[in-house]
>>> print(open('model.cif').read())   # mmCIF, C-alpha atoms
data_target
loop_
_atom_site.group_PDB
_atom_site.id
_atom_site.type_symbol
_atom_site.label_atom_id
_atom_site.label_comp_id
_atom_site.auth_asym_id
_atom_site.auth_seq_id
_atom_site.Cartn_x
_atom_site.Cartn_y
_atom_site.Cartn_z
ATOM 1 C CA MET A 1 144.043 175.948 155.603
ATOM 2 C CA LYS A 2 141.470 174.335 157.858
ATOM 3 C CA LYS A 3 140.150 176.398 160.723
ATOM 4 C CA SER A 4 141.923 175.351 163.893
ATOM 5 C CA PHE A 5 139.759 174.697 166.888
ATOM 6 C CA LEU A 6 139.790 173.401 170.404
ATOM 7 C CA VAL A 7 136.969 171.886 172.372
ATOM 8 C CA LEU A 8 137.832 172.038 176.025
ATOM 9 C CA VAL A 9 135.888 169.937 178.520
ATOM 10 C CA VAL A 10 136.538 170.350 182.202
ATOM 11 C CA ALA A 11 134.876 167.990 184.671
ATOM 12 C CA MET A 12 135.178 169.313 188.191
ATOM 13 C CA LEU A 13 134.304 167.215 191.230
ATOM 14 C CA GLY A 14 130.798 168.222 192.237
ATOM 15 C CA THR A 15 130.320 170.618 189.272
ATOM 16 C CA PRO A 16 128.930 169.994 185.777
ATOM 17 C CA ALA A 17 131.158 169.702 182.699
ATOM 18 C CA PHE A 18 131.237 172.505 180.144
ATOM 19 C CA ALA A 19 132.635 172.939 176.647
ATOM 20 C CA VAL A 20 134.096 176.020 174.982
ATOM 21 C CA GLU A 21 135.099 175.998 171.343
ATOM 22 C CA ALA A 22 137.353 178.377 169.439
ATOM 23 C CA GLY A 23 135.273 180.511 167.118
ATOM 24 C CA GLN A 24 132.330 180.790 169.491
ATOM 25 C CA THR A 25 130.868 184.216 170.206
ATOM 26 C CA TYR A 26 130.820 186.113 173.495
ATOM 27 C CA GLU A 27 127.112 185.323 173.871
ATOM 28 C CA GLN A 28 127.763 181.599 173.416
ATOM 29 C CA VAL A 29 130.520 181.616 176.033
ATOM 30 C CA VAL A 30 128.286 183.410 178.537
ATOM 31 C CA ALA A 31 125.460 180.971 177.804
ATOM 32 C CA GLU A 32 127.827 178.087 178.528
ATOM 33 C CA LEU A 33 129.792 179.459 181.495
ATOM 34 C CA GLY A 34 127.631 182.286 182.777
ATOM 35 C CA ALA A 35 128.629 185.930 183.183
ATOM 36 C CA PRO A 36 132.389 186.242 183.862
ATOM 37 C CA PRO A 37 133.354 187.374 187.389
ATOM 38 C CA SER A 38 135.787 189.791 185.754
ATOM 39 C CA LYS A 39 136.896 190.852 182.298
ATOM 40 C CA MET A 40 139.373 193.237 180.706
ATOM 41 C CA GLU A 41 140.342 194.443 177.266
ATOM 42 C CA MET A 42 143.951 194.581 176.132
ATOM 43 C CA GLY A 43 145.210 195.362 172.648
ATOM 44 C CA GLY A 44 141.918 194.462 171.008
ATOM 45 C CA THR A 45 141.624 191.217 172.954
ATOM 46 C CA LEU A 46 138.808 190.710 175.473
ATOM 47 C CA ILE A 47 139.755 188.441 178.368
ATOM 48 C CA LEU A 48 137.015 186.745 180.393
ATOM 49 C CA ALA A 49 138.291 185.445 183.733
ATOM 50 C CA TYR A 50 136.429 182.537 185.344
ATOM 51 C CA PRO A 51 137.483 180.623 188.490
ATOM 52 C CA GLU A 52 138.642 177.578 186.489
ATOM 53 C CA THR A 53 139.332 179.043 183.065
ATOM 54 C CA SER A 54 140.324 182.126 181.094
ATOM 55 C CA VAL A 55 138.765 182.822 177.695
ATOM 56 C CA LYS A 56 140.214 185.263 175.176
ATOM 57 C CA LEU A 57 138.155 186.763 172.350
ATOM 58 C CA ARG A 58 139.166 188.928 169.404
ATOM 59 C CA GLU A 59 136.616 190.587 167.123
ATOM 60 C CA GLY A 60 133.877 188.876 169.102
ATOM 61 C CA LYS A 61 135.175 185.305 168.618
ATOM 62 C CA VAL A 62 137.047 182.938 170.944
ATOM 63 C CA ILE A 63 140.745 182.631 170.050
ATOM 64 C CA SER A 64 142.173 181.186 173.249
ATOM 65 C CA VAL A 65 140.935 178.995 176.082
ATOM 66 C CA THR A 66 143.034 178.195 179.136
ATOM 67 C CA ALA A 67 141.543 175.970 181.822
ATOM 68 C CA VAL A 68 142.972 174.477 184.987
ATOM 69 C CA ASN A 69 141.584 171.298 186.446
ATOM 70 C CA ALA A 70 141.640 171.927 190.176
ATOM 71 C CA LYS A 71 142.218 168.227 190.875
ATOM 72 C CA SER A 72 145.121 167.601 188.515
ATOM 73 C CA ALA A 73 146.350 171.179 187.951
ATOM 74 C CA VAL A 74 146.642 170.439 184.234
ATOM 75 C CA SER A 75 146.156 173.366 181.863
ATOM 76 C CA THR A 76 145.350 173.347 178.147
ATOM 77 C CA THR A 77 145.823 176.392 175.939
ATOM 78 C CA LEU A 78 144.874 177.316 172.398
ATOM 79 C CA THR A 79 147.606 179.660 171.203
ATOM 80 C CA ALA A 80 146.514 183.021 169.815
ATOM 81 C CA PRO A 81 147.359 183.871 166.203
ATOM 82 C CA ALA A 82 150.809 185.254 165.424
ATOM 83 C CA ILE A 83 151.289 188.943 164.620
ATOM 84 C CA GLU A 84 149.725 189.756 161.262
ATOM 85 C CA PRO A 85 149.972 192.850 159.032
ATOM 86 C CA GLY A 86 147.041 195.166 159.625
ATOM 87 C CA ARG A 87 145.971 193.478 162.873
ATOM 88 C CA TRP A 88 146.520 195.232 166.199
ATOM 89 C CA THR A 89 149.097 193.806 168.565
ATOM 90 C CA THR A 90 150.579 194.875 171.901
ATOM 91 C CA ASP A 91 153.923 193.183 171.141
ATOM 92 C CA TYR A 92 156.316 195.942 170.047
ATOM 93 C CA VAL A 93 159.334 193.647 169.626
ATOM 94 C CA GLY A 94 157.369 191.183 167.520
ATOM 95 C CA ALA A 95 155.895 194.021 165.464
ATOM 96 C CA MET A 96 159.332 195.419 164.677
ATOM 97 C CA ALA A 97 160.576 191.974 163.657
ATOM 98 C CA LEU A 98 157.690 191.609 161.202
ATOM 99 C CA ALA A 99 158.209 195.150 159.879
ATOM 100 C CA LYS A 100 161.878 194.488 159.217
ATOM 101 C CA LYS A 101 161.135 191.181 157.544
ATOM 102 C CA GLU A 102 158.430 192.587 155.242
ATOM 103 C CA LYS A 103 159.789 196.169 154.977
ATOM 104 C CA ARG A 104 156.653 197.728 156.423
ATOM 105 C CA LYS A 105 155.996 200.872 158.410
ATOM 106 C CA VAL A 106 154.986 200.507 162.050
ATOM 107 C CA LEU A 107 152.109 202.544 163.462
ATOM 108 C CA LEU A 108 152.229 203.084 167.225
ATOM 109 C CA PHE A 109 148.851 204.110 168.673
ATOM 110 C CA PHE A 110 149.277 205.704 172.121
ATOM 111 C CA THR A 111 145.831 205.707 173.704
ATOM 112 C CA GLY A 112 143.790 205.693 176.878
ATOM 113 C CA SER A 113 141.168 203.299 175.609
ATOM 114 C CA ASP A 114 138.751 203.461 178.529
ATOM 115 C CA TRP A 115 138.863 207.169 179.394
ATOM 116 C CA CYS A 116 140.241 209.296 176.509
ATOM 117 C CA GLY A 117 137.364 210.729 174.444
ATOM 118 C CA TRP A 118 139.512 211.789 171.478
ATOM 119 C CA CYS A 119 141.098 208.325 171.418
ATOM 120 C CA LYS A 120 137.670 206.741 171.181
ATOM 121 C CA GLN A 121 136.714 209.132 168.381
ATOM 122 C CA LEU A 122 139.889 208.386 166.442
ATOM 123 C CA ASP A 123 139.200 204.676 166.783
ATOM 124 C CA ALA A 124 135.543 205.008 165.750
ATOM 125 C CA GLU A 125 136.004 207.530 162.928
ATOM 126 C CA VAL A 126 139.293 206.336 161.422
ATOM 127 C CA LEU A 127 140.996 203.225 162.784
ATOM 128 C CA SER A 128 137.960 200.970 162.524
ATOM 129 C CA LYS A 129 136.993 202.085 159.003
ATOM 130 C CA SER A 130 137.653 199.887 155.991
ATOM 131 C CA GLU A 131 139.639 202.563 154.135
ATOM 132 C CA PHE A 132 142.187 202.559 156.956
ATOM 133 C CA THR A 133 142.132 198.816 157.679
ATOM 134 C CA ASP A 134 142.570 197.952 153.994
ATOM 135 C CA TYR A 135 145.595 200.255 153.768
ATOM 136 C CA ALA A 136 146.988 198.862 157.029
ATOM 137 C CA ARG A 137 146.827 195.278 155.766
ATOM 138 C CA GLU A 138 148.913 196.260 152.739
ATOM 139 C CA LYS A 139 151.430 198.625 154.308
ATOM 140 C CA LEU A 140 151.489 198.674 158.124
ATOM 141 C CA VAL A 141 152.137 196.773 161.309
ATOM 142 C CA LEU A 142 149.813 198.104 164.024
ATOM 143 C CA VAL A 143 150.828 198.396 167.689
ATOM 144 C CA LYS A 144 148.385 199.560 170.364
ATOM 145 C CA LEU A 145 150.073 201.094 173.414
ATOM 146 C CA ASP A 146 147.312 201.527 175.964
ATOM 147 C CA PHE A 147 147.324 203.526 179.212
ATOM 148 C CA PRO A 148 143.987 202.564 180.789
ATOM 149 C CA ARG A 149 142.617 203.766 184.108
ATOM 150 C CA GLY A 150 139.802 201.306 184.654
ATOM 151 C CA PHE A 151 141.550 197.945 184.292
ATOM 152 C CA ALA A 152 144.909 196.380 185.027
ATOM 153 C CA GLN A 153 147.513 195.306 182.493
ATOM 154 C CA PRO A 154 150.320 192.744 182.792
ATOM 155 C CA GLU A 155 153.466 194.299 184.234
ATOM 156 C CA LYS A 156 155.414 193.417 181.083
ATOM 157 C CA ILE A 157 152.969 195.397 178.912
ATOM 158 C CA LYS A 158 152.960 198.342 181.325
ATOM 159 C CA ALA A 159 156.764 198.492 181.372
ATOM 160 C CA GLN A 160 156.948 198.293 177.580
ATOM 161 C CA ASN A 161 154.341 201.020 177.091
ATOM 162 C CA ASN A 162 155.941 203.352 179.642
ATOM 163 C CA TYR A 163 159.331 202.902 177.996
ATOM 164 C CA LEU A 164 157.957 203.734 174.544
ATOM 165 C CA GLN A 165 156.013 206.693 175.916
ATOM 166 C CA GLU A 166 159.206 208.165 177.340
ATOM 167 C CA LYS A 167 161.262 207.305 174.283
ATOM 168 C CA HIS A 168 158.885 209.105 171.927
ATOM 169 C CA ARG A 169 158.136 211.916 174.401
ATOM 170 C CA ILE A 170 154.397 211.432 174.264
ATOM 171 C CA GLY A 171 152.646 214.345 175.971
ATOM 172 C CA GLY A 172 149.003 213.528 175.291
ATOM 173 C CA TYR A 173 146.540 211.081 173.816
ATOM 174 C CA PRO A 174 145.789 210.031 171.193
ATOM 175 C CA THR A 175 149.176 210.180 169.512
ATOM 176 C CA ILE A 176 150.145 208.209 166.422
ATOM 177 C CA VAL A 177 153.861 207.661 165.816
ATOM 178 C CA VAL A 178 154.964 206.122 162.524
ATOM 179 C CA LEU A 179 158.271 204.262 162.310
ATOM 180 C CA ASN A 180 160.141 202.763 159.396
ATOM 181 C CA GLU A 181 161.282 199.142 159.462
ATOM 182 C CA THR A 182 164.486 200.054 161.307
ATOM 183 C CA GLY A 183 162.596 201.789 164.139
ATOM 184 C CA SER A 184 163.311 205.402 163.167
ATOM 185 C CA THR A 185 160.453 207.890 163.544
ATOM 186 C CA ILE A 186 159.217 209.192 160.197
ATOM 187 C CA GLY A 187 156.021 210.951 161.241
ATOM 188 C CA GLN A 188 153.507 211.755 163.961
ATOM 189 C CA LEU A 189 149.757 212.382 163.972
ATOM 190 C CA GLY A 190 146.939 213.040 166.410
ATOM 191 C CA TYR A 191 143.184 213.190 166.104
ATOM 192 C CA GLN A 192 141.949 215.043 163.039
ATOM 193 C CA GLU A 193 138.513 215.484 161.538
ATOM 194 C CA GLY A 194 137.482 214.191 158.155
ATOM 195 C CA GLY A 195 137.499 210.436 158.644
ATOM 196 C CA PRO A 196 139.952 207.910 157.213
ATOM 197 C CA LYS A 197 140.673 209.533 153.828
ATOM 198 C CA PRO A 198 142.843 212.476 155.027
ATOM 199 C CA PHE A 199 144.374 210.267 157.703
ATOM 200 C CA VAL A 200 145.490 207.651 155.176
ATOM 201 C CA LYS A 201 146.702 210.425 152.888
ATOM 202 C CA ALA A 202 148.916 211.742 155.697
ATOM 203 C CA LEU A 203 150.287 208.241 156.320
ATOM 204 C CA LYS A 204 151.123 207.823 152.654
ATOM 205 C CA ALA A 205 153.027 211.127 152.727
ATOM 206 C CA PHE A 206 155.364 209.644 155.357
#
>>> encode(input="model.cif", output="structure tokens")
Amino acid sequence: MKKSFLVLVVAMLGTPAFAVEAGQTYEQVVAELGAPPSKMEMGGTLILAYPETSVKLREGKVISVTAVNAKSAVSTTLTAPAIEPGRWTTDYVGAMALAKKEKRKVLLFFTGSDWCGWCKQLDAEVLSKSEFTDYAREKLVLVKLDFPRGFAQPEKIKAQNNYLQEKHRIGGYPTIVVLNETGSTIGQLGYQEGGPKPFVKALKAF
């Protein structure tokens, strides 16, 4: 399948044109548009907010560009990839639909990504390691439920995350809840030492 891409050119009255292409790096975007006035991270996606455009990056590469021409108010968007096994999403409903379709377990990661030290350690020592990611691609659908303090989230995401926090009676972070394809809880984990091997072993036991 050919790599999909979008080259977006916006010509503003009195301002120079610029181009942003899907697949470009963060550094290339900044070189083209300058430092973003604001940015936030949500579910593994970095969002750069500019006055006339919003750029989304995942794993350091542009996946979505939305620009508004101030004169015509026309917007163009490159749609982000659909939910994939082993790739983090913030869409619980979509994750459960995929899990049911492919008979996979669902891993809910309750975290405070910008303030919780143990969450950051779990991510660095386990969730970002190849032994875990390889297993996740084969067996899991991954859902990140973030409760940040330093940046805002869309109201829909906040409402979803609060609902799931109450439903699963989450009392602290990080907490991992594992569901089967019907949504029933089959296990729960927190931070543990030893890296990905014992963590994956515990997941397999569920």
>>> resolve_selection(input="model.cif", expression="the PyMOL selection byres ((chain A and resi 118) around 12)", output="PDB file with C-alpha atoms, in the frame of the given file")
ATOM      1  CA  PHE A 110     149.277 205.704 172.121  1.00  0.00           C
ATOM      2  CA  THR A 111     145.831 205.707 173.704  1.00  0.00           C
ATOM      3  CA  GLY A 112     143.790 205.693 176.878  1.00  0.00           C
ATOM      4  CA  SER A 113     141.168 203.299 175.609  1.00  0.00           C
ATOM      5  CA  ASP A 114     138.751 203.461 178.529  1.00  0.00           C
ATOM      6  CA  TRP A 115     138.863 207.169 179.394  1.00  0.00           C
ATOM      7  CA  CYS A 116     140.241 209.296 176.509  1.00  0.00           C
ATOM      8  CA  GLY A 117     137.364 210.729 174.444  1.00  0.00           C
ATOM      9  CA  CYS A 119     141.098 208.325 171.418  1.00  0.00           C
ATOM     10  CA  LYS A 120     137.670 206.741 171.181  1.00  0.00           C
ATOM     11  CA  GLN A 121     136.714 209.132 168.381  1.00  0.00           C
ATOM     12  CA  LEU A 122     139.889 208.386 166.442  1.00  0.00           C
ATOM     13  CA  ASP A 123     139.200 204.676 166.783  1.00  0.00           C
ATOM     14  CA  ALA A 124     135.543 205.008 165.750  1.00  0.00           C
ATOM     15  CA  GLU A 125     136.004 207.530 162.928  1.00  0.00           C
ATOM     16  CA  VAL A 126     139.293 206.336 161.422  1.00  0.00           C
ATOM     17  CA  GLY A 172     149.003 213.528 175.291  1.00  0.00           C
ATOM     18  CA  TYR A 173     146.540 211.081 173.816  1.00  0.00           C
ATOM     19  CA  PRO A 174     145.789 210.031 171.193  1.00  0.00           C
ATOM     20  CA  THR A 175     149.176 210.180 169.512  1.00  0.00           C
ATOM     21  CA  GLY A 190     146.939 213.040 166.410  1.00  0.00           C
ATOM     22  CA  TYR A 191     143.184 213.190 166.104  1.00  0.00           C
ATOM     23  CA  GLN A 192     141.949 215.043 163.039  1.00  0.00           C
ATOM     24  CA  GLU A 193     138.513 215.484 161.538  1.00  0.00           C
TER      25      GLU A 193
END
>>> atom_distance(input="model.cif", atom1="CA of Met40 in chain A", atom2="CA of Asp146 in chain A")
12.4 Å
>>> residues_around(input="model.cif", residues="Phe132 in chain A", least_positions_apart="2", cutoff="12 Å", atoms="only C-alpha atoms", output="number ranges by chain")
A: 86-87, 107, 122-130, 134-140, 142, 195-204
>>> residues_around(input="model.cif", residues="Gly34 in chain A", least_positions_apart="4", cutoff="12 Å", atoms="only C-alpha atoms", output="PyMOL selection string")
chain A and resi 18+20+26-30+38+48-51
>>> residues_around(input="model.cif", residues="Gly183 in chain A", least_positions_apart="4", cutoff="9 Å", atoms="only C-alpha atoms", output="list in words")
Met96, Lys100, Lys105, Val106, Val178 and Leu179 of chain A
>>> atom_distance(input="model.cif", atom1="CA of Val62 in chain A", atom2="CA of Glu102 in chain A")
28.2 Å
>>> atom_distance(input="model.cif", atom1="CA of Gly60 in chain A", atom2="CA of Ile47 in chain A")
11.0 Å
>>> closest_residue(input="model.cif", among="A:Val65, A:Met42, A:Val93, A:Ala99", to="Pro148 in chain A", atoms="all atoms listed in the file")
A:Met42
>>> residues_around(input="model.cif", residues="Lys61 in chain A", least_positions_apart="3", cutoff="10 Å", atoms="only C-alpha atoms", output="PyMOL selection string")
chain A and resi 21-29+45-46+56-58+64
>>> closest_residue(input="model.cif", among="A:Val55, A:Val143, A:Ile176, A:Leu98", to="Gln160 in chain A", atoms="all atoms listed in the file")
A:Val143
>>> closest_residue(input="model.cif", among="A:Thr66, A:Asn180, A:Leu164, A:Lys156", to="Arg104 in chain A", atoms="all atoms listed in the file")
A:Asn180
>>> closest_residue(input="model.cif", among="A:Phe109, A:Ile186, A:Gly171, A:Asp91", to="Ile157 in chain A", atoms="all atoms listed in the file")
A:Asp91
>>> axis_aligned_box(input="model.cif", around="range 83-98 of chain A", padding_each_side="8 Å", output="JSON")
{"center_x": 153.3, "center_y": 192.4, "center_z": 165.5, "size_x": 30.6, "size_y": 23.0, "size_z": 28.9}
>>> closest_residue(input="model.cif", among="A:Ile83, A:Ile63, A:Gly94, A:Lys144", to="Gly44 in chain A", atoms="all atoms listed in the file")
A:Lys144
